[in-house]
Structures are given as C-alpha cells and as structure tokens.
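Q: My questions will all concern the structure given below.
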Amino acid sequence: QVQLAESGGGLVQTGDSLRLSCTASGSIGSILAMGWYRQAPGKSREVVATIIMREGFTNYANSVKGRFTISRDMANTYLQMNSLKPEDTAVYYCNARSAIPSVQDYWGQGTQVTVSS
C-alpha cells in the first residue's frame with residue numbers, strides 16, 4: 001500500500017507560479033512512476049506530467065510544456081507551475097504507480113489550484 005499527501009495549492013493570479021508537493025509513504029520501494037493529474041469542473045481527469053522514479057524520465061501534456069516542471073527525490077514528487085493561466089484551474093491529484101504485487105495506481109486527496117484572470 002502507498003499513501004500520498006499533496007500540498008501547495010492555492011489562489012493565484014494569471015502569470016503567477018505555484019509549487020505542488022506530494023509525499024509518498026508506505027511501500028515506497030514499489031513505486032515505478034509518479035505523476036500529476038488534474039480535473040476541472042465538468043471535465044474528465046487528465047494527465048499533466050509524469051516521471052519515472054528510477055531514471056527520471058518525464059512526460060508532459062502539450063498544454064503545460066515549457067511552463068510546468070515535474071521533479072522527484074526519494075519518494076516525493078513536485079510540480080513547479082509557472083506562467084499560470086485561468087485554464088490551469090483544477091483540482092490537482094498526485095498519482096503513484098506500483099508494480100508490486102501487481103500494477104496498481106494510488107491517488108492523493110487532491111489540492112485545489114485556482115488561477116484568476
């Protein structure tokens with residue numbers, strides 16, 4: 001089992017920056033990858049960025065490339081968000097993918113990010 005706890009959301013203005021943090025606990029040695037997803041009101045949850053824990057390989061949604069940066073250390077992952085836009089407003093969820101004993105996704109409780117115009 002893996003438990004995830006996010007922090008760092010808030011209310012900002014267009015062009016501002018925020019840094020989200022996610023701390024994993026439990027079976028952290030089983031985590032293959034971590035990532036950030038978001039869900040805006042009335043929309044489906046979408047991937048924002050992912051990172052492979054061992055190699056550090058990253059992947060980003062086209063809408064955030066060049067503005068957001070995902071990073072990790074030990075069992076934590078971070079999302080640095082710069083040049084925020086109103087369309088970035090959503091609940092942001094931390095995700096961890098484990099492969100032991102089988103592939104399974106774990107989710108945090110979510111943190112609200114609101115960008116005012």
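Ordering of the structure tokens sets the chain letters (A, B, ...); residue numbers start at 1 within each chain; ligands are numbered from 1 in the order shown.
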Need the shell around range 83-99 of chain A: protein/DNA/RNA residues with any atom at most 8 Å away, counting only C-alpha atoms. Skip same-chain ones fewer than 2 positions apart. Format as a compact mmCIF listing (two decimals) with N, CA, C and O atoms, in the first residue's frame?

A:
# COMPACT_ATOMS: atom_id res chain seq x y z
N VAL A 2 0.40 2.25 -0.72
CA VAL A 2 1.09 3.54 -0.79
C VAL A 2 0.10 4.62 -0.42
O VAL A 2 -1.04 4.62 -0.89
N LEU A 4 -0.48 8.85 -0.31
CA LEU A 4 0.02 10.07 -0.92
C LEU A 4 -0.62 11.29 -0.26
O LEU A 4 -1.82 11.28 0.01
N ALA A 5 0.19 12.31 -0.05
CA ALA A 5 -0.32 13.54 0.55
C ALA A 5 0.19 14.72 -0.25
O ALA A 5 1.41 14.89 -0.40
N GLU A 6 -0.73 15.52 -0.80
CA GLU A 6 -0.37 16.69 -1.61
C GLU A 6 -0.43 17.95 -0.77
O GLU A 6 -1.17 18.02 0.21
N GLN A 13 -2.91 34.66 -9.32
CA GLN A 13 -3.32 35.44 -10.49
C GLN A 13 -2.62 34.92 -11.74
O GLN A 13 -1.59 34.23 -11.66
N THR A 14 -3.15 35.27 -12.88
CA THR A 14 -2.55 34.89 -14.16
C THR A 14 -1.09 35.32 -14.19
O THR A 14 -0.77 36.47 -13.85
N GLY A 15 -0.22 34.40 -14.60
CA GLY A 15 1.20 34.68 -14.68
C GLY A 15 1.99 34.32 -13.45
O GLY A 15 3.23 34.30 -13.49
N ASP A 16 1.31 34.02 -12.37
CA ASP A 16 1.99 33.65 -11.12
C ASP A 16 2.51 32.22 -11.19
O ASP A 16 2.25 31.48 -12.15
N SER A 17 3.22 31.85 -10.13
CA SER A 17 3.77 30.50 -10.02
C SER A 17 3.29 29.83 -8.74
O SER A 17 2.97 30.50 -7.75
N CYS A 22 4.13 16.36 -3.31
CA CYS A 22 3.44 15.12 -2.99
C CYS A 22 4.42 14.22 -2.26
O CYS A 22 5.50 13.91 -2.78
N SER A 30 8.12 0.18 -3.97
CA SER A 30 7.40 -0.44 -5.08
C SER A 30 6.97 0.55 -6.14
O SER A 30 6.44 0.16 -7.18
N ILE A 31 7.20 1.84 -5.91
CA ILE A 31 6.72 2.87 -6.84
C ILE A 31 7.61 2.92 -8.08
O ILE A 31 8.81 3.12 -7.98
N LEU A 32 7.00 2.77 -9.25
CA LEU A 32 7.71 2.86 -10.52
C LEU A 32 7.69 4.27 -11.08
O LEU A 32 8.68 4.75 -11.64
N ALA A 33 6.57 4.91 -10.94
CA ALA A 33 6.39 6.24 -11.52
C ALA A 33 5.44 7.04 -10.66
O ALA A 33 4.60 6.49 -9.95
N MET A 34 5.60 8.35 -10.73
CA MET A 34 4.66 9.26 -10.07
C MET A 34 4.24 10.31 -11.07
O MET A 34 4.91 10.54 -12.09
N GLY A 35 3.13 10.93 -10.79
CA GLY A 35 2.66 11.92 -11.74
C GLY A 35 1.63 12.84 -11.12
O GLY A 35 1.19 12.65 -9.98
N TRP A 36 1.28 13.84 -11.90
CA TRP A 36 0.25 14.80 -11.52
C TRP A 36 -0.86 14.78 -12.57
O TRP A 36 -0.57 14.80 -13.78
N TYR A 37 -2.07 14.75 -12.09
CA TYR A 37 -3.26 14.80 -12.93
C TYR A 37 -4.11 15.96 -12.43
O TYR A 37 -3.94 16.43 -11.31
N ARG A 38 -5.03 16.40 -13.27
CA ARG A 38 -5.92 17.46 -12.83
C ARG A 38 -7.32 17.24 -13.38
O ARG A 38 -7.50 16.61 -14.41
N GLN A 39 -8.28 17.79 -12.65
CA GLN A 39 -9.67 17.68 -13.08
C GLN A 39 -10.36 19.02 -12.83
O GLN A 39 -10.46 19.48 -11.68
N ALA A 40 -10.78 19.62 -13.92
CA ALA A 40 -11.52 20.87 -13.85
C ALA A 40 -13.01 20.56 -13.75
O ALA A 40 -13.45 19.48 -14.15
N PRO A 41 -13.81 21.50 -13.25
CA PRO A 41 -15.25 21.27 -13.12
C PRO A 41 -15.87 20.89 -14.45
O PRO A 41 -15.66 21.55 -15.47
N ARG A 67 6.01 25.34 -19.33
CA ARG A 67 5.54 26.11 -18.18
C ARG A 67 5.64 25.33 -16.87
O ARG A 67 5.92 25.91 -15.82
N MET A 81 4.87 25.06 -11.27
CA MET A 81 3.97 25.59 -12.27
C MET A 81 4.25 27.09 -12.42
O MET A 81 4.07 27.85 -11.47
N PRO A 101 2.26 -6.03 -5.56
CA PRO A 101 2.42 -7.32 -6.25
C PRO A 101 1.91 -7.31 -7.69
O PRO A 101 2.17 -8.23 -8.44
N SER A 102 1.16 -6.29 -8.05
CA SER A 102 0.69 -6.13 -9.42
C SER A 102 0.56 -4.64 -9.69
O SER A 102 0.64 -3.83 -8.76
N VAL A 103 0.37 -4.30 -10.95
CA VAL A 103 0.27 -2.88 -11.30
C VAL A 103 -0.96 -2.27 -10.62
O VAL A 103 -2.07 -2.77 -10.76
N GLN A 104 -0.71 -1.20 -9.90
CA GLN A 104 -1.80 -0.54 -9.19
C GLN A 104 -1.52 0.95 -9.09
O GLN A 104 -0.38 1.36 -8.89
N ASP A 105 -2.56 1.74 -9.22
CA ASP A 105 -2.46 3.18 -9.09
C ASP A 105 -2.98 3.63 -7.73
O ASP A 105 -4.02 3.17 -7.26
N TYR A 106 -2.25 4.56 -7.15
CA TYR A 106 -2.66 5.18 -5.90
C TYR A 106 -2.85 6.68 -6.14
O TYR A 106 -2.15 7.26 -6.96
N TRP A 107 -3.78 7.26 -5.39
CA TRP A 107 -4.12 8.67 -5.59
C TRP A 107 -4.11 9.43 -4.27
O TRP A 107 -4.50 8.90 -3.23
N GLY A 108 -3.70 10.70 -4.35
CA GLY A 108 -3.83 11.58 -3.22
C GLY A 108 -5.24 12.15 -3.17
O GLY A 108 -6.08 11.87 -4.02
N GLN A 109 -5.46 12.99 -2.18
CA GLN A 109 -6.81 13.54 -1.97
C GLN A 109 -7.09 14.74 -2.88
O GLN A 109 -8.25 15.14 -3.01
N GLY A 110 -6.06 15.29 -3.47
CA GLY A 110 -6.22 16.43 -4.37
C GLY A 110 -5.99 17.75 -3.68
O GLY A 110 -6.24 17.91 -2.49
N THR A 111 -5.51 18.71 -4.45
CA THR A 111 -5.31 20.06 -3.95
C THR A 111 -5.80 21.05 -5.00
O THR A 111 -5.55 20.89 -6.19
N GLN A 112 -6.55 22.03 -4.56
CA GLN A 112 -7.18 22.99 -5.48
C GLN A 112 -6.18 24.05 -5.92
O GLN A 112 -5.50 24.67 -5.10
N VAL A 113 -6.14 24.27 -7.22
CA VAL A 113 -5.38 25.37 -7.81
C VAL A 113 -6.37 26.25 -8.56
O VAL A 113 -7.08 25.77 -9.45
N THR A 114 -6.42 27.50 -8.20
CA THR A 114 -7.32 28.45 -8.85
C THR A 114 -6.51 29.63 -9.37
O THR A 114 -5.77 30.26 -8.60
N VAL A 115 -6.65 29.90 -10.66
CA VAL A 115 -5.92 31.00 -11.29
C VAL A 115 -6.94 32.03 -11.76
O VAL A 115 -7.78 31.75 -12.61
N SER A 116 -6.86 33.21 -11.19
CA SER A 116 -7.81 34.26 -11.54
C SER A 116 -7.25 35.10 -12.69
O SER A 116 -6.04 35.29 -12.81
N SER A 117 -8.14 35.61 -13.49
CA SER A 117 -7.72 36.42 -14.65
C SER A 117 -7.63 37.90 -14.30
O SER A 117 -8.01 38.32 -13.23

Q: Using backbone DSSP assignments, extract all strand (DSSP E or B) residues from range 2-113 of chain A; output them as a PyMOL selection string.

A: chain A and resi 2-7+10-13+18-26+31-39+46-52+58-60+68-73+76-81+90-98+104-107+111-113

Q: If you measure from CA of Ile70 in chain A to CA of Gly42 in chain A, what distance in Å do you get, rounded to one decimal?

A: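 If I compute the distance from CA of Ile70 in chain A to CA of Gly42 in chain A, I get 25.5 Å.
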
Q: For Phe57 in chain A, which residue out of A:Ser44, A:Gln80, A:Ser7, A:Thr69 is the nearest one, using only C-alpha atoms?

A: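 Of all the options, A:Thr69 lies closest to Phe57 in chain A.
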
Q: Between CA of Asn59 in chain A and CA of Glu46 in chain A, what is the distance, to one decimal in Å?

A: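 One can read the CA of Asn59 in chain A to CA of Glu46 in chain A distance as 13.1 Å.
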